[in-house]
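J.: Data: data03.cif, mmCIF, N, CA and C atoms and all ligand atoms.
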data_target
#
loop_
_atom_site.label_atom_id
_atom_site.label_comp_id
_atom_site.auth_asym_id
_atom_site.auth_seq_id
_atom_site.Cartn_x
_atom_site.Cartn_y
_atom_site.Cartn_z
N MET A 1 0.85 -1.21 0.00
CA MET A 1 0.00 0.00 0.00
C MET A 1 0.88 1.25 0.00
N GLU A 2 0.56 2.20 -0.89
CA GLU A 2 1.35 3.44 -0.94
C GLU A 2 1.15 4.26 0.34
N ARG A 3 2.23 4.96 0.75
CA ARG A 3 2.16 5.84 1.93
C ARG A 3 2.66 7.23 1.54
N THR A 4 2.16 8.23 2.26
CA THR A 4 2.68 9.59 2.08
C THR A 4 2.80 10.25 3.44
N LEU A 5 3.73 11.20 3.53
CA LEU A 5 3.86 11.97 4.77
C LEU A 5 3.12 13.29 4.62
N VAL A 6 2.16 13.51 5.50
CA VAL A 6 1.43 14.77 5.57
C VAL A 6 1.85 15.48 6.86
N ILE A 7 2.06 16.79 6.76
CA ILE A 7 2.29 17.60 7.96
C ILE A 7 1.25 18.71 7.98
N VAL A 8 0.50 18.81 9.08
CA VAL A 8 -0.29 20.03 9.31
C VAL A 8 0.71 21.00 9.93
N LYS A 9 1.10 22.00 9.15
CA LYS A 9 2.19 22.90 9.52
C LYS A 9 1.79 23.76 10.73
N PRO A 10 2.77 24.45 11.34
CA PRO A 10 2.45 25.23 12.55
C PRO A 10 1.32 26.25 12.36
N ASP A 11 1.16 26.81 11.16
CA ASP A 11 0.04 27.75 10.96
C ASP A 11 -1.29 27.03 11.03
N GLY A 12 -1.37 25.87 10.38
CA GLY A 12 -2.61 25.09 10.41
C GLY A 12 -2.92 24.57 11.80
N PHE A 13 -1.87 24.14 12.50
CA PHE A 13 -2.07 23.65 13.88
C PHE A 13 -2.58 24.78 14.77
N ALA A 14 -1.91 25.97 14.69
CA ALA A 14 -2.28 27.09 15.56
C ALA A 14 -3.69 27.58 15.26
N ARG A 15 -4.13 27.46 14.01
CA ARG A 15 -5.47 27.90 13.64
C ARG A 15 -6.54 26.85 13.93
N GLY A 16 -6.13 25.73 14.48
CA GLY A 16 -7.12 24.70 14.83
C GLY A 16 -7.66 23.95 13.63
N LEU A 17 -6.82 23.81 12.59
CA LEU A 17 -7.28 23.16 11.35
C LEU A 17 -6.85 21.71 11.21
N THR A 18 -6.20 21.15 12.26
CA THR A 18 -5.76 19.76 12.15
C THR A 18 -6.95 18.84 11.88
N GLY A 19 -8.01 19.02 12.64
CA GLY A 19 -9.19 18.15 12.47
C GLY A 19 -9.79 18.28 11.08
N GLU A 20 -9.85 19.48 10.56
CA GLU A 20 -10.41 19.71 9.22
C GLU A 20 -9.56 19.02 8.15
N VAL A 21 -8.23 19.10 8.30
CA VAL A 21 -7.35 18.43 7.33
C VAL A 21 -7.55 16.91 7.42
N LEU A 22 -7.56 16.39 8.64
CA LEU A 22 -7.75 14.93 8.81
C LEU A 22 -9.12 14.52 8.29
N ARG A 23 -10.13 15.35 8.50
CA ARG A 23 -11.48 15.04 8.00
C ARG A 23 -11.47 14.88 6.48
N ARG A 24 -10.77 15.80 5.81
CA ARG A 24 -10.74 15.72 4.34
C ARG A 24 -9.99 14.48 3.86
N ILE A 25 -8.91 14.12 4.56
CA ILE A 25 -8.16 12.92 4.18
C ILE A 25 -9.03 11.68 4.36
N GLU A 26 -9.73 11.60 5.48
CA GLU A 26 -10.59 10.44 5.73
C GLU A 26 -11.80 10.44 4.80
N ALA A 27 -12.37 11.61 4.53
CA ALA A 27 -13.54 11.68 3.64
C ALA A 27 -13.17 11.21 2.23
N LYS A 28 -11.92 11.48 1.84
CA LYS A 28 -11.44 11.03 0.53
C LYS A 28 -11.33 9.51 0.48
N GLY A 29 -11.16 8.90 1.66
CA GLY A 29 -11.09 7.44 1.73
C GLY A 29 -9.74 6.88 2.11
N TYR A 30 -8.75 7.77 2.35
CA TYR A 30 -7.43 7.28 2.74
C TYR A 30 -7.42 6.91 4.22
N GLY A 31 -6.44 6.10 4.57
CA GLY A 31 -6.30 5.68 5.96
C GLY A 31 -5.24 6.50 6.68
N LEU A 32 -5.41 6.61 8.00
CA LEU A 32 -4.39 7.24 8.85
C LEU A 32 -3.62 6.10 9.50
N SER A 33 -2.30 6.04 9.26
CA SER A 33 -1.59 4.90 9.85
C SER A 33 -0.62 5.29 10.96
N ALA A 34 -0.33 6.58 11.12
CA ALA A 34 0.45 7.04 12.28
C ALA A 34 0.22 8.53 12.42
N LEU A 35 0.30 9.02 13.65
CA LEU A 35 0.03 10.45 13.89
C LEU A 35 0.78 10.90 15.13
N ARG A 36 1.45 12.06 15.04
CA ARG A 36 2.17 12.59 16.20
C ARG A 36 2.16 14.11 16.18
N ILE A 37 1.96 14.72 17.33
CA ILE A 37 2.07 16.18 17.45
C ILE A 37 3.43 16.49 18.06
N ASP A 38 4.15 17.41 17.40
CA ASP A 38 5.53 17.69 17.81
C ASP A 38 5.95 19.03 17.22
N THR A 39 6.83 19.76 17.91
CA THR A 39 7.44 20.95 17.31
C THR A 39 8.65 20.50 16.51
N PRO A 40 8.62 20.69 15.18
CA PRO A 40 9.72 20.19 14.35
C PRO A 40 11.06 20.82 14.73
N ASP A 41 12.10 20.00 14.83
CA ASP A 41 13.43 20.53 15.16
C ASP A 41 14.18 20.89 13.87
N ARG A 42 15.09 21.86 14.01
CA ARG A 42 15.76 22.43 12.83
C ARG A 42 16.64 21.41 12.12
N GLU A 43 17.22 20.48 12.86
CA GLU A 43 18.10 19.48 12.23
C GLU A 43 17.31 18.59 11.27
N ARG A 44 16.16 18.11 11.73
CA ARG A 44 15.36 17.26 10.83
C ARG A 44 14.71 18.08 9.72
N LEU A 45 14.35 19.35 10.01
CA LEU A 45 13.80 20.21 8.94
C LEU A 45 14.83 20.44 7.84
N ALA A 46 16.10 20.61 8.22
CA ALA A 46 17.14 20.81 7.21
C ALA A 46 17.24 19.59 6.29
N ARG A 47 17.08 18.39 6.86
CA ARG A 47 17.09 17.17 6.02
C ARG A 47 15.84 17.12 5.16
N HIS A 48 14.69 17.43 5.79
CA HIS A 48 13.41 17.36 5.08
C HIS A 48 13.39 18.32 3.89
N TYR A 49 13.91 19.55 4.09
CA TYR A 49 13.83 20.58 3.04
C TYR A 49 15.17 20.79 2.34
N ALA A 50 16.03 19.78 2.32
CA ALA A 50 17.37 19.92 1.71
C ALA A 50 17.31 20.43 0.27
N GLU A 51 16.27 20.02 -0.48
CA GLU A 51 16.18 20.44 -1.90
C GLU A 51 16.03 21.96 -2.04
N HIS A 52 15.58 22.64 -0.96
CA HIS A 52 15.34 24.08 -1.05
C HIS A 52 16.48 24.91 -0.47
N GLU A 53 17.53 24.28 0.05
CA GLU A 53 18.63 25.03 0.63
C GLU A 53 19.21 25.99 -0.41
N GLY A 54 19.45 27.24 0.02
CA GLY A 54 19.99 28.25 -0.90
C GLY A 54 18.93 29.13 -1.52
N LYS A 55 17.66 28.70 -1.48
CA LYS A 55 16.59 29.55 -2.04
C LYS A 55 16.25 30.66 -1.04
N PRO A 56 15.73 31.79 -1.54
CA PRO A 56 15.47 32.94 -0.64
C PRO A 56 14.50 32.62 0.50
N PHE A 57 13.59 31.69 0.30
CA PHE A 57 12.60 31.39 1.35
C PHE A 57 13.06 30.28 2.29
N TYR A 58 14.29 29.74 2.07
CA TYR A 58 14.71 28.59 2.88
C TYR A 58 14.82 28.92 4.37
N GLY A 59 15.54 29.99 4.72
CA GLY A 59 15.69 30.37 6.13
C GLY A 59 14.34 30.65 6.78
N PRO A 60 13.51 31.51 6.15
CA PRO A 60 12.17 31.75 6.69
C PRO A 60 11.32 30.47 6.80
N LEU A 61 11.52 29.54 5.87
CA LEU A 61 10.76 28.28 5.91
C LEU A 61 11.13 27.46 7.15
N VAL A 62 12.44 27.34 7.41
CA VAL A 62 12.87 26.57 8.59
C VAL A 62 12.44 27.28 9.88
N ASP A 63 12.54 28.62 9.90
CA ASP A 63 12.07 29.38 11.08
C ASP A 63 10.58 29.13 11.32
N PHE A 64 9.81 29.24 10.26
CA PHE A 64 8.35 29.05 10.36
C PHE A 64 8.01 27.63 10.82
N MET A 65 8.63 26.65 10.19
CA MET A 65 8.27 25.27 10.50
C MET A 65 8.69 24.86 11.91
N SER A 66 9.70 25.54 12.48
CA SER A 66 10.14 25.21 13.84
C SER A 66 9.50 26.14 14.88
N SER A 67 8.52 26.94 14.47
CA SER A 67 7.96 27.96 15.36
C SER A 67 6.94 27.44 16.35
N GLY A 68 6.46 26.22 16.18
CA GLY A 68 5.46 25.71 17.11
C GLY A 68 5.03 24.31 16.72
N PRO A 69 4.07 23.76 17.44
CA PRO A 69 3.65 22.40 17.17
C PRO A 69 3.07 22.21 15.77
N ALA A 70 3.25 21.01 15.25
CA ALA A 70 2.70 20.59 13.97
C ALA A 70 2.18 19.16 14.17
N THR A 71 1.33 18.72 13.26
CA THR A 71 0.84 17.34 13.33
C THR A 71 1.43 16.55 12.16
N PHE A 72 2.15 15.49 12.48
CA PHE A 72 2.76 14.61 11.48
C PHE A 72 1.87 13.39 11.30
N VAL A 73 1.56 13.08 10.04
CA VAL A 73 0.64 11.98 9.77
C VAL A 73 1.19 11.12 8.64
N ILE A 74 1.16 9.82 8.81
CA ILE A 74 1.38 8.91 7.68
C ILE A 74 0.01 8.52 7.17
N VAL A 75 -0.21 8.80 5.88
CA VAL A 75 -1.48 8.50 5.22
C VAL A 75 -1.23 7.33 4.28
N ALA A 76 -2.19 6.42 4.20
CA ALA A 76 -2.02 5.23 3.37
C ALA A 76 -3.19 5.05 2.41
N GLY A 77 -2.87 4.61 1.20
CA GLY A 77 -3.91 4.31 0.21
C GLY A 77 -3.33 4.33 -1.18
N ASP A 78 -3.93 3.58 -2.09
CA ASP A 78 -3.45 3.56 -3.47
C ASP A 78 -3.46 4.98 -4.05
N ARG A 79 -2.33 5.39 -4.59
CA ARG A 79 -2.14 6.72 -5.23
C ARG A 79 -2.39 7.88 -4.27
N CYS A 80 -2.14 7.63 -2.96
CA CYS A 80 -2.41 8.70 -1.98
C CYS A 80 -1.42 9.86 -2.09
N ILE A 81 -0.24 9.64 -2.67
CA ILE A 81 0.72 10.75 -2.82
C ILE A 81 0.13 11.80 -3.77
N GLU A 82 -0.24 11.33 -4.95
CA GLU A 82 -0.87 12.20 -5.95
C GLU A 82 -2.21 12.74 -5.42
N GLY A 83 -2.96 11.87 -4.78
CA GLY A 83 -4.29 12.26 -4.28
C GLY A 83 -4.22 13.32 -3.20
N PHE A 84 -3.25 13.19 -2.28
CA PHE A 84 -3.18 14.22 -1.24
C PHE A 84 -2.68 15.54 -1.82
N ARG A 85 -1.73 15.48 -2.77
CA ARG A 85 -1.26 16.73 -3.40
C ARG A 85 -2.44 17.45 -4.06
N SER A 86 -3.37 16.68 -4.62
CA SER A 86 -4.56 17.27 -5.22
C SER A 86 -5.47 17.88 -4.15
N LEU A 87 -5.66 17.17 -3.04
CA LEU A 87 -6.45 17.72 -1.93
C LEU A 87 -5.81 19.00 -1.39
N ALA A 88 -4.48 19.05 -1.33
CA ALA A 88 -3.76 20.20 -0.76
C ALA A 88 -3.87 21.43 -1.65
N GLY A 89 -3.77 21.24 -2.97
CA GLY A 89 -3.80 22.36 -3.90
C GLY A 89 -2.42 22.95 -4.12
N ALA A 90 -2.37 23.99 -4.93
CA ALA A 90 -1.10 24.61 -5.31
C ALA A 90 -0.39 25.23 -4.11
N THR A 91 0.94 25.35 -4.24
CA THR A 91 1.79 25.87 -3.16
C THR A 91 1.34 27.26 -2.70
N ASP A 92 1.01 28.13 -3.66
CA ASP A 92 0.61 29.51 -3.34
C ASP A 92 -0.87 29.52 -2.96
N PRO A 93 -1.18 29.82 -1.71
CA PRO A 93 -2.59 29.70 -1.27
C PRO A 93 -3.52 30.71 -1.95
N THR A 94 -2.95 31.79 -2.48
CA THR A 94 -3.80 32.77 -3.16
C THR A 94 -4.37 32.21 -4.46
N THR A 95 -3.55 31.40 -5.15
CA THR A 95 -3.99 30.87 -6.44
C THR A 95 -4.42 29.41 -6.36
N ALA A 96 -4.25 28.77 -5.19
CA ALA A 96 -4.71 27.38 -5.03
C ALA A 96 -6.22 27.32 -5.29
N ALA A 97 -6.65 26.28 -5.96
CA ALA A 97 -8.06 26.19 -6.38
C ALA A 97 -8.99 26.12 -5.18
N PRO A 98 -10.10 26.85 -5.23
CA PRO A 98 -11.15 26.64 -4.23
C PRO A 98 -11.56 25.17 -4.23
N GLY A 99 -11.83 24.63 -3.07
CA GLY A 99 -12.10 23.20 -2.94
C GLY A 99 -10.90 22.46 -2.38
N SER A 100 -9.71 23.03 -2.60
CA SER A 100 -8.52 22.41 -2.01
C SER A 100 -8.28 22.97 -0.60
N ILE A 101 -7.45 22.27 0.16
CA ILE A 101 -7.15 22.70 1.54
C ILE A 101 -6.54 24.11 1.52
N ARG A 102 -5.51 24.30 0.68
CA ARG A 102 -4.85 25.61 0.65
C ARG A 102 -5.78 26.67 0.04
N GLY A 103 -6.58 26.29 -0.95
CA GLY A 103 -7.48 27.23 -1.59
C GLY A 103 -8.63 27.65 -0.69
N ASP A 104 -9.13 26.73 0.09
CA ASP A 104 -10.27 27.04 0.97
C ASP A 104 -9.84 27.69 2.27
N LEU A 105 -8.68 27.29 2.80
CA LEU A 105 -8.33 27.64 4.18
C LEU A 105 -7.11 28.55 4.30
N GLY A 106 -6.37 28.73 3.19
CA GLY A 106 -5.13 29.49 3.26
C GLY A 106 -5.23 30.85 2.58
N ARG A 107 -4.30 31.73 2.93
CA ARG A 107 -4.22 33.04 2.29
C ARG A 107 -2.78 33.53 2.41
N ASP A 108 -2.45 34.59 1.68
CA ASP A 108 -1.15 35.23 1.78
C ASP A 108 -1.15 36.16 2.99
N TRP A 109 -0.07 36.12 3.77
CA TRP A 109 0.06 36.98 4.95
C TRP A 109 1.16 38.00 4.76
N GLY A 110 1.68 38.15 3.52
CA GLY A 110 2.71 39.14 3.24
C GLY A 110 4.06 38.81 3.86
N LEU A 111 4.33 37.52 4.05
CA LEU A 111 5.57 37.08 4.69
C LEU A 111 6.54 36.51 3.65
N PRO A 112 7.83 36.36 4.00
CA PRO A 112 8.80 35.83 3.03
C PRO A 112 8.63 34.35 2.74
N VAL A 113 7.86 33.65 3.56
CA VAL A 113 7.55 32.24 3.26
C VAL A 113 6.04 32.09 3.23
N GLN A 114 5.55 31.31 2.27
CA GLN A 114 4.11 31.05 2.21
C GLN A 114 3.70 30.09 3.33
N GLN A 115 2.78 30.54 4.15
CA GLN A 115 2.21 29.67 5.19
C GLN A 115 0.97 29.03 4.56
N ASN A 116 1.08 27.76 4.23
CA ASN A 116 0.03 27.14 3.40
C ASN A 116 -0.54 25.85 4.02
N ILE A 117 -0.51 25.77 5.33
CA ILE A 117 -1.29 24.82 6.14
C ILE A 117 -0.79 23.38 6.13
N VAL A 118 -0.45 22.86 4.93
CA VAL A 118 -0.06 21.46 4.88
C VAL A 118 1.18 21.21 4.03
N HIS A 119 1.86 20.14 4.35
CA HIS A 119 2.89 19.53 3.51
C HIS A 119 2.39 18.16 3.07
N GLY A 120 2.72 17.79 1.84
CA GLY A 120 2.50 16.42 1.37
C GLY A 120 3.65 16.00 0.49
N SER A 121 4.15 14.79 0.69
CA SER A 121 5.27 14.27 -0.12
C SER A 121 4.91 14.33 -1.60
N ASP A 122 5.97 14.53 -2.45
CA ASP A 122 5.69 14.70 -3.88
C ASP A 122 6.02 13.50 -4.76
N SER A 123 6.55 12.42 -4.20
CA SER A 123 6.86 11.22 -4.98
C SER A 123 7.04 10.06 -4.00
N PRO A 124 7.01 8.83 -4.49
CA PRO A 124 7.24 7.68 -3.59
C PRO A 124 8.60 7.75 -2.90
N GLU A 125 9.63 8.23 -3.63
CA GLU A 125 10.97 8.32 -3.04
C GLU A 125 10.97 9.36 -1.92
N SER A 126 10.34 10.53 -2.18
CA SER A 126 10.25 11.57 -1.14
C SER A 126 9.47 11.05 0.06
N ALA A 127 8.38 10.36 -0.19
CA ALA A 127 7.53 9.89 0.91
C ALA A 127 8.32 8.97 1.83
N GLU A 128 9.04 8.01 1.27
CA GLU A 128 9.78 7.07 2.12
C GLU A 128 10.95 7.76 2.82
N ARG A 129 11.58 8.72 2.11
CA ARG A 129 12.68 9.49 2.72
C ARG A 129 12.14 10.31 3.89
N GLU A 130 11.01 10.97 3.70
CA GLU A 130 10.44 11.84 4.75
C GLU A 130 9.89 11.02 5.92
N ILE A 131 9.28 9.89 5.63
CA ILE A 131 8.82 9.02 6.72
C ILE A 131 10.02 8.55 7.54
N GLY A 132 11.14 8.29 6.87
CA GLY A 132 12.36 7.89 7.58
C GLY A 132 12.90 8.99 8.50
N ILE A 133 12.66 10.25 8.15
CA ILE A 133 13.11 11.38 8.98
C ILE A 133 12.21 11.54 10.20
N TRP A 134 10.90 11.52 10.01
CA TRP A 134 9.96 11.88 11.08
C TRP A 134 9.40 10.70 11.83
N PHE A 135 9.41 9.52 11.20
CA PHE A 135 8.94 8.29 11.86
C PHE A 135 9.97 7.18 11.60
N PRO A 136 11.21 7.36 12.12
CA PRO A 136 12.25 6.38 11.80
C PRO A 136 11.87 4.95 12.18
N GLU A 137 11.04 4.83 13.22
CA GLU A 137 10.62 3.50 13.67
C GLU A 137 9.68 2.83 12.67
N LEU A 138 9.13 3.62 11.72
CA LEU A 138 8.19 3.08 10.74
C LEU A 138 8.77 3.10 9.33
N ALA A 139 10.08 3.33 9.21
CA ALA A 139 10.72 3.36 7.90
C ALA A 139 10.64 1.99 7.23
N ALA A 140 10.56 2.04 5.90
CA ALA A 140 10.59 0.78 5.13
C ALA A 140 12.00 0.22 5.24
N ASP A 141 12.13 -1.08 5.08
CA ASP A 141 13.44 -1.73 5.18
C ASP A 141 14.35 -1.30 4.01
P1 LIG B 201 5.02 22.21 -1.80
O1 LIG B 201 4.86 22.33 -0.30
O2 LIG B 201 3.78 22.62 -2.53
O3 LIG B 201 5.57 20.88 -2.22
P2 LIG B 201 7.71 23.28 -2.25
O4 LIG B 201 8.14 23.89 -3.54
O5 LIG B 201 8.23 21.93 -1.90
O6 LIG B 201 6.11 23.32 -2.21
O7 LIG B 201 8.12 24.31 -1.11
C1 LIG B 201 8.10 23.94 0.25
C2 LIG B 201 7.42 25.06 1.03
O8 LIG B 201 8.21 26.26 0.95
C3 LIG B 201 6.04 25.47 0.49
O9 LIG B 201 4.98 24.65 0.94
C4 LIG B 201 5.92 26.88 1.04
O10 LIG B 201 5.60 26.89 2.43
C5 LIG B 201 7.35 27.39 0.86
N1 LIG B 201 7.57 28.01 -0.46
C6 LIG B 201 7.78 27.40 -1.64
N2 LIG B 201 7.98 28.26 -2.65
C7 LIG B 201 7.91 29.49 -2.09
C8 LIG B 201 8.05 30.81 -2.62
O11 LIG B 201 8.29 31.02 -3.82
N3 LIG B 201 7.89 31.84 -1.74
C9 LIG B 201 7.64 31.65 -0.42
N4 LIG B 201 7.51 30.42 0.13
C10 LIG B 201 7.64 29.35 -0.69
MG MG B 202 7.44 20.04 -1.73
#
In structure tokens, how does this file's structure come out?
T.:
Amino acid sequence: MERTLVIVKPDGFARGLTGEVLRRIEAKGYGLSALRIDTPDRERLARHYAEHEGKPFYGPLVDFMSSGPATFVIVAGDRCIEGFRSLAGATDPTTAAPGSIRGDLGRDWGLPVQQNIVHGSDSPESAEREIGIWFPELAAD
């Protein structure tokens, strides 16, 4: 069964949107296979966001993601990586389609990093790599 790593980011957690995000995942039909609330540490965030190192929003992104509690979720289901990315919507919450999590619940706050409520892995390789960072006890062999 395919797995993906979803994070309700600190903005979504602080706004009380964890339940709404989980509701949409479950309503879509995917399963929740692990869940933890934690304030992300900078060392693991640097590994998680390594592809973005050097970009102008990288420092603000790590600051934002380590600013408070987030909810980490392993979601399971056939094609759930693609499916959750569709539920999440485009990265920019201003242009994310209405009906998506970011389109319905997110907005621009005029900050150097987009606060867009959720993270979702973008490929099977990313999903297993990210699950290994945040849920090492549940990593694939
Ligand atoms: P994704 O979360 O839609 O996969 P990525 O390109 O992987 O988007 O970027 C990771 C995160 O970095 C985004 O979710 C968003 O919070 C932030 N981000 C990405 N691109 C920009 C940008 O151009 N300006 C500000 N923040 C950005
Ligand atoms: Mg990404």
J.: May I have the protein, DNA and RNA residues with an atom at most 7 Å from (10.4, 26.2, 13.1), counting all atoms listed in the file in the file's coordinates, returned as a list of chain:residue names?
T.: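 Selection result: A:Thr39, A:Pro40, A:Asp41, A:Arg42, A:Leu61, A:Val62, A:Asp63, A:Phe64, A:Met65, A:Ser66, A:Ser67, A:Gly68.
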J.: Could those selected residues go to a file with N, CA and C atoms, as a PDB file, in the frame of the given file?
T.:
ATOM      1  N   THR A  39       6.830  19.760  17.910  1.00  0.00           N
ATOM      2  CA  THR A  39       7.440  20.950  17.310  1.00  0.00           C
ATOM      3  C   THR A  39       8.650  20.500  16.510  1.00  0.00           C
ATOM      4  N   PRO A  40       8.620  20.690  15.180  1.00  0.00           N
ATOM      5  CA  PRO A  40       9.720  20.190  14.350  1.00  0.00           C
ATOM      6  C   PRO A  40      11.060  20.820  14.730  1.00  0.00           C
ATOM      7  N   ASP A  41      12.100  20.000  14.830  1.00  0.00           N
ATOM      8  CA  ASP A  41      13.430  20.530  15.160  1.00  0.00           C
ATOM      9  C   ASP A  41      14.180  20.890  13.870  1.00  0.00           C
ATOM     10  N   ARG A  42      15.090  21.860  14.010  1.00  0.00           N
ATOM     11  CA  ARG A  42      15.760  22.430  12.830  1.00  0.00           C
ATOM     12  C   ARG A  42      16.640  21.410  12.120  1.00  0.00           C
ATOM     13  N   LEU A  61      11.520  29.540   5.870  1.00  0.00           N
ATOM     14  CA  LEU A  61      10.760  28.280   5.910  1.00  0.00           C
ATOM     15  C   LEU A  61      11.130  27.460   7.150  1.00  0.00           C
ATOM     16  N   VAL A  62      12.440  27.340   7.410  1.00  0.00           N
ATOM     17  CA  VAL A  62      12.870  26.570   8.590  1.00  0.00           C
ATOM     18  C   VAL A  62      12.440  27.280   9.880  1.00  0.00           C
ATOM     19  N   ASP A  63      12.540  28.620   9.900  1.00  0.00           N
ATOM     20  CA  ASP A  63      12.070  29.380  11.080  1.00  0.00           C
ATOM     21  C   ASP A  63      10.580  29.130  11.320  1.00  0.00           C
ATOM     22  N   PHE A  64       9.810  29.240  10.260  1.00  0.00           N
ATOM     23  CA  PHE A  64       8.350  29.050  10.360  1.00  0.00           C
ATOM     24  C   PHE A  64       8.010  27.630  10.820  1.00  0.00           C
ATOM     25  N   MET A  65       8.630  26.650  10.190  1.00  0.00           N
ATOM     26  CA  MET A  65       8.270  25.270  10.500  1.00  0.00           C
ATOM     27  C   MET A  65       8.690  24.860  11.910  1.00  0.00           C
ATOM     28  N   SER A  66       9.700  25.540  12.480  1.00  0.00           N
ATOM     29  CA  SER A  66      10.140  25.210  13.840  1.00  0.00           C
ATOM     30  C   SER A  66       9.500  26.140  14.880  1.00  0.00           C
ATOM     31  N   SER A  67       8.520  26.940  14.470  1.00  0.00           N
ATOM     32  CA  SER A  67       7.960  27.960  15.360  1.00  0.00           C
ATOM     33  C   SER A  67       6.940  27.440  16.350  1.00  0.00           C
ATOM     34  N   GLY A  68       6.460  26.220  16.180  1.00  0.00           N
ATOM     35  CA  GLY A  68       5.460  25.710  17.110  1.00  0.00           C
ATOM     36  C   GLY A  68       5.030  24.310  16.720  1.00  0.00           C
TER      37      GLY A  68
END
J.: Please identify the residues whose atoms come within 8 Å of ligand LIG 201 (chain B), using only C-alpha atoms and all ligand atoms, and report them as a count of residues only.
T.: 22
J.: I'd like the neighbourhood of region 77-79 of chain A as a CSV table (one decimal) with N, CA and C atoms, in the coordinates of the input, where a residue qualifies if any of its atoms comes within 9 Å (using only C-alpha atoms), though same-chain residues fewer than 4 positions away should be ignored.
T.:
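Result written to out.csv:
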chain,number,residue,atom,x,y,z
A,1,MET,N,0.8,-1.2,0.0
A,1,MET,CA,0.0,0.0,0.0
A,1,MET,C,0.9,1.2,0.0
A,2,GLU,N,0.6,2.2,-0.9
A,2,GLU,CA,1.4,3.4,-0.9
A,2,GLU,C,1.2,4.3,0.3
A,3,ARG,N,2.2,5.0,0.8
A,3,ARG,CA,2.2,5.8,1.9
A,3,ARG,C,2.7,7.2,1.5
A,4,THR,N,2.2,8.2,2.3
A,4,THR,CA,2.7,9.6,2.1
A,4,THR,C,2.8,10.2,3.4
A,29,GLY,N,-11.2,8.9,1.7
A,29,GLY,CA,-11.1,7.4,1.7
A,29,GLY,C,-9.7,6.9,2.1
A,30,TYR,N,-8.8,7.8,2.4
A,30,TYR,CA,-7.4,7.3,2.7
A,30,TYR,C,-7.4,6.9,4.2
A,31,GLY,N,-6.4,6.1,4.6
A,31,GLY,CA,-6.3,5.7,6.0
A,31,GLY,C,-5.2,6.5,6.7
A,83,GLY,N,-3.0,11.9,-4.8
A,83,GLY,CA,-4.3,12.3,-4.3
A,83,GLY,C,-4.2,13.3,-3.2
A,84,PHE,N,-3.2,13.2,-2.3
A,84,PHE,CA,-3.2,14.2,-1.2
A,84,PHE,C,-2.7,15.5,-1.8
J.: A:Gly12, A:Ala46, A:Cys80, A:Gly54: which is nearest Glu26 (chain A), counting only C-alpha atoms?
T.: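 The shortest atom-to-atom distance to Glu26 (chain A) comes from A:Cys80.
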J.: Just checking: using all atoms listed in the file, which residue out of A:Leu138, A:Val75, A:Ile81, A:Ile101 ends up closest to Leu32 (chain A)?
T.: A:Val75
J.: CA of Ile37 (chain A) and CA of Val21 (chain A), how far apart in Å?
T.: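 Taking CA of Val21 (chain A) and CA of Ile37 (chain A), their separation equals 14.0 Å.
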J.: Where does DSSP see strand (DSSP E or B) in chain A, if you list the residues as a list in words?
T.: Arg3, Thr4, Leu5, Val6, Ile7, Val8, Gly31, Leu32, Ser33, Ala34, Leu35, Arg36, Ile37, Asp38, Ala70, Thr71, Phe72, Val73, Ile74, Val75, Ala76, Pro98, Ser100, Val118, His119 and Gly120 of chain A
J.: So that I can see what lies close to Ala140 (chain A), please list as a ChimeraX atom specification the residues with an atom at most 9 Å from it, counting only C-alpha atoms and leaving out residues fewer than 5 positions away in the same chain.
T.: /A:128,131-132
J.: Just asking: which residues within chain A are alpha helix (DSSP H) according to DSSP, as a PyMOL selection string?
T.: chain A and resi 10-14+18-28+42-48+58-65+80-88+101-105+124-134
J.: Near Leu35 (chain A), within 7 Å and counting only N, CA and C atoms, which residues show up once chain neighbours fewer than 2 positions away are dropped, as an mmCIF file with N, CA and C atoms, in the frame of the given file?
T.:
data_model
loop_
_atom_site.group_PDB
_atom_site.id
_atom_site.type_symbol
_atom_site.label_atom_id
_atom_site.label_comp_id
_atom_site.auth_asym_id
_atom_site.auth_seq_id
_atom_site.Cartn_x
_atom_site.Cartn_y
_atom_site.Cartn_z
ATOM 1 N N LEU A 32 -5.410 6.610 8.000
ATOM 2 C CA LEU A 32 -4.390 7.240 8.850
ATOM 3 C C LEU A 32 -3.620 6.100 9.500
ATOM 4 N N SER A 33 -2.300 6.040 9.260
ATOM 5 C CA SER A 33 -1.590 4.900 9.850
ATOM 6 C C SER A 33 -0.620 5.290 10.960
ATOM 7 N N ILE A 37 1.960 14.720 17.330
ATOM 8 C CA ILE A 37 2.070 16.180 17.450
ATOM 9 C C ILE A 37 3.430 16.490 18.060
ATOM 10 N N THR A 71 1.330 18.720 13.260
ATOM 11 C CA THR A 71 0.840 17.340 13.330
ATOM 12 C C THR A 71 1.430 16.550 12.160
ATOM 13 N N PHE A 72 2.150 15.490 12.480
ATOM 14 C CA PHE A 72 2.760 14.610 11.480
ATOM 15 C C PHE A 72 1.870 13.390 11.300
ATOM 16 N N VAL A 73 1.560 13.080 10.040
ATOM 17 C CA VAL A 73 0.640 11.980 9.770
ATOM 18 C C VAL A 73 1.190 11.120 8.640
ATOM 19 N N ILE A 74 1.160 9.820 8.810
ATOM 20 C CA ILE A 74 1.380 8.910 7.680
ATOM 21 C C ILE A 74 0.010 8.520 7.170
#
J.: Figure out the distance between atom N of His48 (chain A) and atom N of Ile133 (chain A), please, to one decimal in Å.
T.: 7.8 Å
